[in-house]
Amino acid sequence: MNDILFGNNNNAIITRLSKSNFSANKRRNLFATIALALTAFMTTSVFSIGFSYFETYKMQQLRSVGTTADAAITNPTEDQLQQLKSSSIISNIGISQRLGSVDTSNMENALLGLVWLNDTEWQLHRLPTVSDIQGNYPIAQNEIMLPTWVLEQMGITTPQVGMPVKLSYQLESSQQFINGDFVLSGYYTDYISTRTDHRGSVYVSASFRESTNIPLTNGGSAMITFSSDDIKQNCNRLENSLTLTDKQSLEVVPTNETNRTVLIFGLVLTIFLIAFSGYLLIYNVFYISVSKDTRFFGQLKTIGTTKKQIKKIICRQVLQTSVLGIPAGLMLGGLFSFWVVPYALNMMYSNNTDIGIKISFSPLVFIGAAAFTFLTAFIGSMKPAKIASSISPITALQYTGMGKIKKEVKHKNRGVKLYRMAWENVFRKKKSALLVFVSLCLGLFLFLVSTGLLSSLSPQNFVNQWGEADFVLTYQMSAEGEPITEEMLSEIQQIEGIDDVRLTYSPMSVTADIEYDDTVFGKYIKSLDGKSGIDFSTPEKINAYTQNFYSGIYGIDIQYVQELNQVAEYPIDVISFENGETLLLTQICDDNGKSLFKPGEKITIKTQNGQHTFTIGESFLENGFQSERGHTRGTAPDIFISQSAIKELFPDYKIFRVAFNTNGKNDVKILNQLKTITAAHPEIQIISRYEKGIEMSEYIVTTKILGIGLSLVLLLIGVMNFISTMVVNVNTRRHELAILESIGMTRKQVKKVLLYEGLFYWGISFSLVITVGTGLYALLYFAFKQVVSYAVFTYPLFPLILIATIILAVCLYVPISTYKTEIKDSVITRLRTTE
C-alpha cells in the first residue's frame, strides 16, 4: 500500500537513519570503499590499455595498408563507376590511377609509381593513413607531392614547399623516360613503405593526368568504402551486379581480423573477471552487513518503516561508499594510465614503433569505468537489500546472524571436537562461505595462470628460435665497395668464444639478371598482381616487369644445406649443390598454402661470362631464411647457391654476411669487440640474439608486471572477502561464544576453533586450486602454446607456495586478531548483551 496513506513518508528521517547507520559501520564502509576503489581502478586500467591497444592497432593497420578503403576494382569503366555510385551498399568511392613509374636508379632501394588521386581518394582514403603533412595535394600540372623517405633518398633532408624537384619518369603508354622539372607542392610521412619494401608513390595533379591522355581503364582503380561491415558479402553482391572483364579484378584490402577478434575476447574476458570479482566482494560486504544489522532493520519495521524505505537506506549507503570509493579508484587508474600504459604499448608494439603509438585518454574511459563500477555496486547490493526489507519483525528480533549448527554425533568416550565445531561454523552461512571460497579460488587460480603462462615465456627459448645464429654481420645492398673485408673477417675469427663461423657471399652488385620462364615463374608472377602497387592487368605490364627480372644471388655455407636435410622430407643432394648444379629457394606459397615453385624445374642466371642453368632443389629453405639481410628483394625470388658456384660465376664477389655462434658467456664483450671492428663502417649492421633477448626480456617483464599485478589485485579481493566474513562472523557470535565460555570453554579453545576455521577456508581453496586449477591451467597452456610457439611449460610451484603461505598467515591471523580486538568484554557483560 502506498506509504503516504500511513503518513510515514518521511525522507528526512530516512536520510538521518541512513547517515547514522553508515557512521556506525565504519569497518563495513572501509571494506566497501576499498572494494569499489579496486574495481574502479582495475576497470579504468583495463579500459585504458584496451582502448589504447585497439586505437594503436587500428592506426597501425591503416598506416601499413595505406588506405581506409575496403575494396578496389581495377580498370573500371565509366558505366561501372556510375553503377557503383548508385549502389546503396557503398558509402564512398575514390579514384586512383597509376600513370607510370619513376627512374630510381640514383636512389638506394625505392620503387616509385606516378599516381593520381581524385579528391575523395586523397581526403577520405589516403589522408588518414599519413602524418606530418606539409603543403597541399598538387593542383598545377608541374606540381608533385612526395613522402619524406623518398626525399631523403633523393638527398633532400630539409624539404621546402615550392622548391624545384627533378624527376625522370616513364608513362605507361611509353617505354622511354622523360626528364621533368617539378615543384614540390607538399610532403608527408607515410608508413606503407615499411610493409612494401620501400615501394611508394609520387602524387601528381589532375591536370598532369589529363595531359597524358591515359584512360582510366589503364592502371585505374575504384577504391570502395562499404556502408556496412560485412565486406565479404558486399563484395559478392558487387561481383554479381558488375560484369568484370578478364583485365579487371575485385580485391579486398587486407586486414588482420583474427588478431582483432582474439584481442576483443581477451579484453572482454578480463573485464568479466574484474566485474565478477568486484561483485563478489561488494555483495559479500553488504550481505554480511545486512545480516549483522538484521535486528536493527527488524526494529525499524516494528515502528512502521516500509520495505521501500529500508531499501532506500541501503541504497543511500551504497551511494555514499560509491562517492568515496569510485573517484579514488579513477584517480589511481588515471595515474596508472598516464604512467604504465605508454610504456606497456611501446613494449607490446616494439617491432612497429616506427608506425606510431596512440594512447587513448578519452573521458569516455573514465565515465564508462565509473558507470560500470557503480552498476556492479548496485547489483551487488540488490540481494542484501531485498533480504533486509523482506524479513519479518519477529524473525528479525530472533535473528542471531548465524545458521543452525548440526547436532553433534555422539561417540563413546569422546567429547566435542574443536575442529568439528570449526567445520560446522564454516558452513553455517553457506552463501557467505561459498563467496569466500569462490573469490579465494579465483584469485589463486588467476595467480597460477598468469604466473605460469608468463614464466613460460622464455627469452632464451625465443632467441634460440629467432635468427640463424647468435651474431650476424651484414649491410644494405646499396652499400658501395666491400664493407666486410678479409682483414675484418680475420679479426672477427680471432675473437675469443666464437665458433661455427659461416659466410654468405654475393656478387659485387648483389643481384643478377634471371631469364624469365613462364613455366617456372608464372604462378609467382600471378601471385604478385595487385600487391604493393603492382598491376599486371595487361600483357604489356607483365612484359615490362619480366624484362627487368633479377634476383639477389647468395652463396651460402654447405652447413645450411646439411641442417636442412636433417628435417626435410626430401633431402638435397649435397654434392650436386656444391658442384653448382642445384639452387635453393625459400618456401613461397599461394593463399592456399601451395608452393609456387616445383622442385626439379630449371632457373637460368645471366652473368657477364654467359648463362648458367640450375635445378631447383627438392626441399625449400624456411620462409624468412637470412631475412635480415638489410636490402630489398629483387623482382624475382632470392636464389641461394653454393660458395664455390658463386665464386665461379662471379669472379668479382664479396662477403655479404658473417654469422657465428658463441658459448653465451661473453656476449657483451663480443658485441663491444664487433662494434670496435666495424666502427669505421657504419653501414654494417650487427644483429645479435643477445640484444634481441634483452629487448624480449623487457617486454616480458612489462607483461609480467601487468599480468601478475592484475591477478594479485583480484587475489586481494578474495582475501578481503575472507577478512570481512571472519570479522562479521566473530562479531555476530559474541553472545554464542559467551555462552560456550560460561559452560567451561576456555578462551584458548575459542581461539583454536577460530584458527581451525581460518585453516579450513585456506585449505579448501588451496586444494581446489592445486587439483582443479592445475588441470585447467594445463589446458590453457596448450592453447597458449598454439599462439606463442616459443613458450616452455612451467609450473610456478615456488611462487604459488609463497603466495599460499602468505594467505595462510592471513587466514590464521585475522580470526585471532578480530577476537582479541572486538571481544574484550567479560562473559557476563556479553551474556547480557543481545546484539
# chains A, B, ... in the order shown; residues from 1 in each chain; ligands from 1
call {"tool": "residues_around", "arguments": {"residues": "A:Phe620", "least_positions_apart": "5", "cutoff": "6 Å", "atoms": "only C-alpha atoms", "output": "list in words"}}
result
Leu585, Thr586 and Gln587 of chain A
call {"tool": "select_by_dssp", "arguments": {"residues": "stretch 497-647 of chain A", "states": "strand (DSSP E or B)", "output": "PyMOL selection string"}}
result
chain A and resi 498-507+511-514+550-556+582-584+586+589+595+602-607+610-616+621+639-642
call {"tool": "select_by_dssp", "arguments": {"residues": "stretch 730-800 of chain A", "states": "alpha helix (DSSP H)", "output": "PyMOL selection string"}}
result
chain A and resi 730-732+734-742+747-768+774-787+797-800
call {"tool": "atom_distance", "arguments": {"atom1": "atom CA of A:Phe650", "atom2": "atom CA of A:Thr504"}}
result
13.7 Å
call {"tool": "residues_around", "arguments": {"residues": "stretch 155-157 of chain A", "least_positions_apart": "2", "cutoff": "12 Å", "atoms": "only C-alpha atoms", "output": "ChimeraX atom specification"}}
result
/A:106-108,146-153,159-160,163-166,184,187
call {"tool": "write_last_selection", "arguments": {"atoms": "N, CA, C and O atoms", "output": "PDB file, in the first residue's frame"}}
result
ATOM      1  N   ASN A 106      69.164   6.237 -59.161  1.00  0.00           N
ATOM      2  CA  ASN A 106      70.055   7.032 -58.318  1.00  0.00           C
ATOM      3  C   ASN A 106      69.639   7.013 -56.852  1.00  0.00           C
ATOM      4  O   ASN A 106      70.234   7.703 -56.032  1.00  0.00           O
ATOM      5  N   MET A 107      68.586   6.263 -56.546  1.00  0.00           N
ATOM      6  CA  MET A 107      68.145   6.140 -55.156  1.00  0.00           C
ATOM      7  C   MET A 107      68.630   4.819 -54.590  1.00  0.00           C
ATOM      8  O   MET A 107      69.052   3.924 -55.321  1.00  0.00           O
ATOM      9  N   GLU A 108      68.499   4.675 -53.285  1.00  0.00           N
ATOM     10  CA  GLU A 108      69.050   3.488 -52.630  1.00  0.00           C
ATOM     11  C   GLU A 108      68.263   2.229 -52.990  1.00  0.00           C
ATOM     12  O   GLU A 108      68.806   1.273 -53.528  1.00  0.00           O
ATOM     13  N   LEU A 146      55.457  14.356 -52.355  1.00  0.00           N
ATOM     14  CA  LEU A 146      56.330  13.217 -52.088  1.00  0.00           C
ATOM     15  C   LEU A 146      56.359  12.881 -50.602  1.00  0.00           C
ATOM     16  O   LEU A 146      56.254  13.774 -49.755  1.00  0.00           O
ATOM     17  N   PRO A 147      56.539  11.593 -50.264  1.00  0.00           N
ATOM     18  CA  PRO A 147      56.785  11.227 -48.862  1.00  0.00           C
ATOM     19  C   PRO A 147      58.209  11.597 -48.459  1.00  0.00           C
ATOM     20  O   PRO A 147      59.113  11.665 -49.305  1.00  0.00           O
ATOM     21  N   THR A 148      58.429  11.836 -47.195  1.00  0.00           N
ATOM     22  CA  THR A 148      59.730  12.304 -46.721  1.00  0.00           C
ATOM     23  C   THR A 148      60.837  11.283 -46.952  1.00  0.00           C
ATOM     24  O   THR A 148      61.981  11.666 -47.202  1.00  0.00           O
ATOM     25  N   TRP A 149      60.519   9.980 -46.866  1.00  0.00           N
ATOM     26  CA  TRP A 149      61.576   8.982 -47.044  1.00  0.00           C
ATOM     27  C   TRP A 149      62.098   8.982 -48.480  1.00  0.00           C
ATOM     28  O   TRP A 149      63.282   8.711 -48.712  1.00  0.00           O
ATOM     29  N   VAL A 150      61.237   9.324 -49.456  1.00  0.00           N
ATOM     30  CA  VAL A 150      61.690   9.432 -50.841  1.00  0.00           C
ATOM     31  C   VAL A 150      62.586  10.660 -50.997  1.00  0.00           C
ATOM     32  O   VAL A 150      63.630  10.610 -51.663  1.00  0.00           O
ATOM     33  N   LEU A 151      62.190  11.770 -50.382  1.00  0.00           N
ATOM     34  CA  LEU A 151      63.012  12.981 -50.438  1.00  0.00           C
ATOM     35  C   LEU A 151      64.396  12.729 -49.844  1.00  0.00           C
ATOM     36  O   LEU A 151      65.410  13.200 -50.371  1.00  0.00           O
ATOM     37  N   GLU A 152      64.438  11.968 -48.755  1.00  0.00           N
ATOM     38  CA  GLU A 152      65.731  11.644 -48.148  1.00  0.00           C
ATOM     39  C   GLU A 152      66.597  10.815 -49.091  1.00  0.00           C
ATOM     40  O   GLU A 152      67.803  11.037 -49.195  1.00  0.00           O
ATOM     41  N   GLN A 153      65.994   9.862 -49.795  1.00  0.00           N
ATOM     42  CA  GLN A 153      66.761   9.055 -50.746  1.00  0.00           C
ATOM     43  C   GLN A 153      67.219   9.888 -51.945  1.00  0.00           C
ATOM     44  O   GLN A 153      68.189   9.551 -52.608  1.00  0.00           O
ATOM     45  N   PRO A 159      63.246  19.559 -46.799  1.00  0.00           N
ATOM     46  CA  PRO A 159      62.366  19.963 -47.907  1.00  0.00           C
ATOM     47  C   PRO A 159      61.621  21.256 -47.607  1.00  0.00           C
ATOM     48  O   PRO A 159      61.334  21.566 -46.443  1.00  0.00           O
ATOM     49  N   GLN A 160      61.301  21.991 -48.648  1.00  0.00           N
ATOM     50  CA  GLN A 160      60.523  23.221 -48.537  1.00  0.00           C
ATOM     51  C   GLN A 160      59.420  23.191 -49.583  1.00  0.00           C
ATOM     52  O   GLN A 160      59.667  22.827 -50.745  1.00  0.00           O
ATOM     53  N   MET A 163      59.852  24.218 -53.555  1.00  0.00           N
ATOM     54  CA  MET A 163      61.202  24.007 -54.072  1.00  0.00           C
ATOM     55  C   MET A 163      61.150  23.190 -55.370  1.00  0.00           C
ATOM     56  O   MET A 163      60.245  22.375 -55.566  1.00  0.00           O
ATOM     57  N   PRO A 164      62.122  23.391 -56.282  1.00  0.00           N
ATOM     58  CA  PRO A 164      62.143  22.612 -57.522  1.00  0.00           C
ATOM     59  C   PRO A 164      62.639  21.189 -57.283  1.00  0.00           C
ATOM     60  O   PRO A 164      63.507  20.952 -56.446  1.00  0.00           O
ATOM     61  N   VAL A 165      62.069  20.235 -58.013  1.00  0.00           N
ATOM     62  CA  VAL A 165      62.464  18.821 -57.925  1.00  0.00           C
ATOM     63  C   VAL A 165      62.540  18.261 -59.338  1.00  0.00           C
ATOM     64  O   VAL A 165      61.612  18.437 -60.135  1.00  0.00           O
ATOM     65  N   LYS A 166      63.655  17.614 -59.650  1.00  0.00           N
ATOM     66  CA  LYS A 166      63.816  16.991 -60.968  1.00  0.00           C
ATOM     67  C   LYS A 166      63.544  15.493 -60.853  1.00  0.00           C
ATOM     68  O   LYS A 166      64.053  14.823 -59.959  1.00  0.00           O
ATOM     69  N   LEU A 184      57.612  21.114 -55.697  1.00  0.00           N
ATOM     70  CA  LEU A 184      57.105  20.347 -54.556  1.00  0.00           C
ATOM     71  C   LEU A 184      55.947  21.107 -53.913  1.00  0.00           C
ATOM     72  O   LEU A 184      56.142  22.138 -53.263  1.00  0.00           O
ATOM     73  N   TYR A 187      54.641  17.629 -48.813  1.00  0.00           N
ATOM     74  CA  TYR A 187      55.320  16.384 -48.436  1.00  0.00           C
ATOM     75  C   TYR A 187      54.719  15.893 -47.124  1.00  0.00           C
ATOM     76  O   TYR A 187      54.037  16.637 -46.403  1.00  0.00           O
TER      77      TYR A 187
END
call {"tool": "residues_around", "arguments": {"residues": "A:Lys308", "least_positions_apart": "3", "cutoff": "10 Å", "atoms": "only C-alpha atoms", "output": "ChimeraX atom specification"}}
result
/A:3,305,311-313,385-386,389-390
call {"tool": "write_last_selection", "arguments": {"atoms": "C-alpha atoms", "output": "PDB file, in the first residue's frame"}}
result
ATOM      1  CA  ASP A   3       3.388   4.730   2.216  1.00  0.00           C
ATOM      2  CA  THR A 305       9.304   1.502   8.342  1.00  0.00           C
ATOM      3  CA  LYS A 311      15.859  -0.498   0.571  1.00  0.00           C
ATOM      4  CA  LYS A 312      16.321   3.245   0.315  1.00  0.00           C
ATOM      5  CA  ILE A 313      18.504   3.244   3.445  1.00  0.00           C
ATOM      6  CA  ALA A 385      18.662  -5.067   0.324  1.00  0.00           C
ATOM      7  CA  LYS A 386      15.884  -7.457  -0.652  1.00  0.00           C
ATOM      8  CA  SER A 389      13.403  -5.475   3.507  1.00  0.00           C
ATOM      9  CA  SER A 390      11.650  -8.852   3.385  1.00  0.00           C
TER      10      SER A 390
END
call {"tool": "atom_distance", "arguments": {"atom1": "atom CA of A:Asp557", "atom2": "atom CA of A:Glu486"}}
result
16.5 Å
call {"tool": "residues_around", "arguments": {"residues": "stretch 112-121 of chain A", "least_positions_apart": "2", "cutoff": "8 Å", "atoms": "only C-alpha atoms", "output": "list in words"}}
result
Asn92, Ile93, Gly94, Ile95, Ser96, Gln97, Arg98, Leu99, Gly100, Ser101, Val102, Asp103, Thr104, Ala110, Gln123, Leu124, His125, Arg126, Tyr169, Arg199, Gly200, Ser201, Val202, Tyr203, Val204, Ser205, Ala206, Arg209 and Met223 of chain A
call {"tool": "write_last_selection", "arguments": {"atoms": "C-alpha atoms", "output": "short mmCIF file (atom, residue, chain, number, x, y, z; two decimals), in the first residue's frame"}}
result
data_model
loop_
_atom_site.label_atom_id
_atom_site.label_comp_id
_atom_site.auth_asym_id
_atom_site.auth_seq_id
_atom_site.Cartn_x
_atom_site.Cartn_y
_atom_site.Cartn_z
CA ASN A 92 32.02 6.46 -50.94
CA ILE A 93 34.23 5.83 -53.97
CA GLY A 94 37.72 7.20 -54.54
CA ILE A 95 39.61 7.02 -57.83
CA SER A 96 43.34 6.39 -58.20
CA GLN A 97 45.40 5.76 -61.31
CA ARG A 98 48.97 4.65 -61.79
CA LEU A 99 50.20 6.69 -64.75
CA GLY A 100 53.76 5.46 -64.92
CA SER A 101 56.95 4.84 -62.96
CA VAL A 102 59.86 6.94 -61.75
CA ASP A 103 63.52 6.26 -62.52
CA THR A 104 65.01 5.34 -59.12
CA ALA A 110 62.98 2.76 -53.84
CA GLN A 123 40.77 13.19 -48.44
CA LEU A 124 38.91 10.09 -47.24
CA HIS A 125 41.16 7.14 -48.05
CA ARG A 126 44.81 8.27 -48.08
CA TYR A 169 59.74 9.19 -65.36
CA ARG A 199 57.53 0.94 -52.68
CA GLY A 200 55.84 4.31 -52.82
CA SER A 201 54.00 6.90 -54.88
CA VAL A 202 54.73 10.28 -56.39
CA TYR A 203 51.39 12.09 -56.41
CA VAL A 204 50.60 14.26 -59.44
CA SER A 205 47.76 16.65 -60.25
CA ALA A 206 44.57 16.11 -62.24
CA ARG A 209 46.87 13.20 -65.64
CA MET A 223 38.60 2.42 -54.15
#
call {"tool": "atom_distance", "arguments": {"atom1": "atom CA of A:Arg657", "atom2": "atom CA of A:Ile677"}}
result
15.0 Å
call {"tool": "closest_residue", "arguments": {"among": "A:Leu335, A:Leu755, A:Ile90, A:Met42", "to": "A:Val426", "atoms": "only C-alpha atoms"}}
result
A:Leu755
call {"tool": "residues_around", "arguments": {"residues": "stretch 663-670 of chain A", "least_positions_apart": "3", "cutoff": "8 Å", "atoms": "only C-alpha atoms", "output": "PDB file with C-alpha atoms, in the first residue's frame"}}
result
ATOM      1  CA  ILE A 495      87.595 -13.151 -31.122  1.00  0.00           C
ATOM      2  CA  GLU A 496      87.643 -15.497 -28.146  1.00  0.00           C
ATOM      3  CA  GLY A 497      84.493 -17.537 -27.510  1.00  0.00           C
ATOM      4  CA  ILE A 498      83.065 -17.759 -31.043  1.00  0.00           C
ATOM      5  CA  GLN A 673      84.559  -6.013 -29.929  1.00  0.00           C
ATOM      6  CA  LEU A 674      82.392  -6.247 -33.044  1.00  0.00           C
ATOM      7  CA  TYR A 690      71.881 -11.149 -27.108  1.00  0.00           C
TER       8      TYR A 690
END
call {"tool": "residues_around", "arguments": {"residues": "A:Tyr795", "least_positions_apart": "6", "cutoff": "10 Å", "atoms": "only C-alpha atoms", "output": "short mmCIF file (atom, residue, chain, number, x, y, z; two decimals) with N, CA, C and O atoms, in the first residue's frame"}}
result
data_model
loop_
_atom_site.label_atom_id
_atom_site.label_comp_id
_atom_site.auth_asym_id
_atom_site.auth_seq_id
_atom_site.Cartn_x
_atom_site.Cartn_y
_atom_site.Cartn_z
N LEU A 448 47.97 -18.41 -10.43
CA LEU A 448 48.62 -19.60 -11.00
C LEU A 448 48.75 -19.47 -12.52
O LEU A 448 49.83 -19.70 -13.08
N VAL A 449 47.67 -19.08 -13.19
CA VAL A 449 47.67 -19.00 -14.65
C VAL A 449 48.60 -17.89 -15.14
O VAL A 449 49.43 -18.11 -16.03
N THR A 451 51.07 -16.28 -13.57
CA THR A 451 52.47 -16.54 -13.24
C THR A 451 53.02 -17.68 -14.09
O THR A 451 54.14 -17.60 -14.61
N GLY A 452 52.23 -18.74 -14.24
CA GLY A 452 52.70 -19.90 -15.02
C GLY A 452 52.89 -19.58 -16.48
O GLY A 452 53.95 -19.87 -17.06
N LEU A 453 51.88 -18.96 -17.11
CA LEU A 453 51.98 -18.67 -18.54
C LEU A 453 53.06 -17.64 -18.82
O LEU A 453 53.81 -17.76 -19.80
N SER A 455 55.70 -17.10 -16.98
CA SER A 455 57.00 -17.74 -16.75
C SER A 455 57.39 -18.65 -17.91
O SER A 455 58.56 -18.92 -18.13
N SER A 456 56.39 -19.11 -18.65
CA SER A 456 56.68 -19.97 -19.79
C SER A 456 57.25 -19.19 -20.97
O SER A 456 57.76 -19.77 -21.92
N THR A 774 44.95 -26.75 -11.47
CA THR A 774 46.11 -27.24 -12.23
C THR A 774 45.67 -27.87 -13.54
O THR A 774 46.31 -27.69 -14.58
N TYR A 777 44.77 -25.10 -15.84
CA TYR A 777 46.00 -24.40 -16.26
C TYR A 777 46.69 -25.16 -17.38
O TYR A 777 47.18 -24.56 -18.35
N ALA A 778 46.74 -26.49 -17.27
CA ALA A 778 47.38 -27.30 -18.32
C ALA A 778 46.65 -27.13 -19.65
O ALA A 778 47.29 -26.99 -20.71
#
call {"tool": "closest_residue", "arguments": {"among": "A:Ser86, A:Asn661, A:Ser551, A:Ser619", "to": "A:Ile639", "atoms": "only C-alpha atoms"}}
result
A:Ser551
call {"tool": "closest_residue", "arguments": {"among": "A:Phe296, A:Tyr570, A:Phe226, A:Phe378", "to": "A:Leu17", "atoms": "only C-alpha atoms"}}
result
A:Phe296
call {"tool": "closest_residue", "arguments": {"among": "A:Gly180, A:Gly298, A:Pro215, A:Gly718", "to": "A:Leu434", "atoms": "only C-alpha atoms"}}
result
A:Gly718
call {"tool": "closest_residue", "arguments": {"among": "A:Thr604, A:Gln566, A:Thr635, A:Thr821", "to": "A:Leu111", "atoms": "only C-alpha atoms"}}
result
A:Thr635
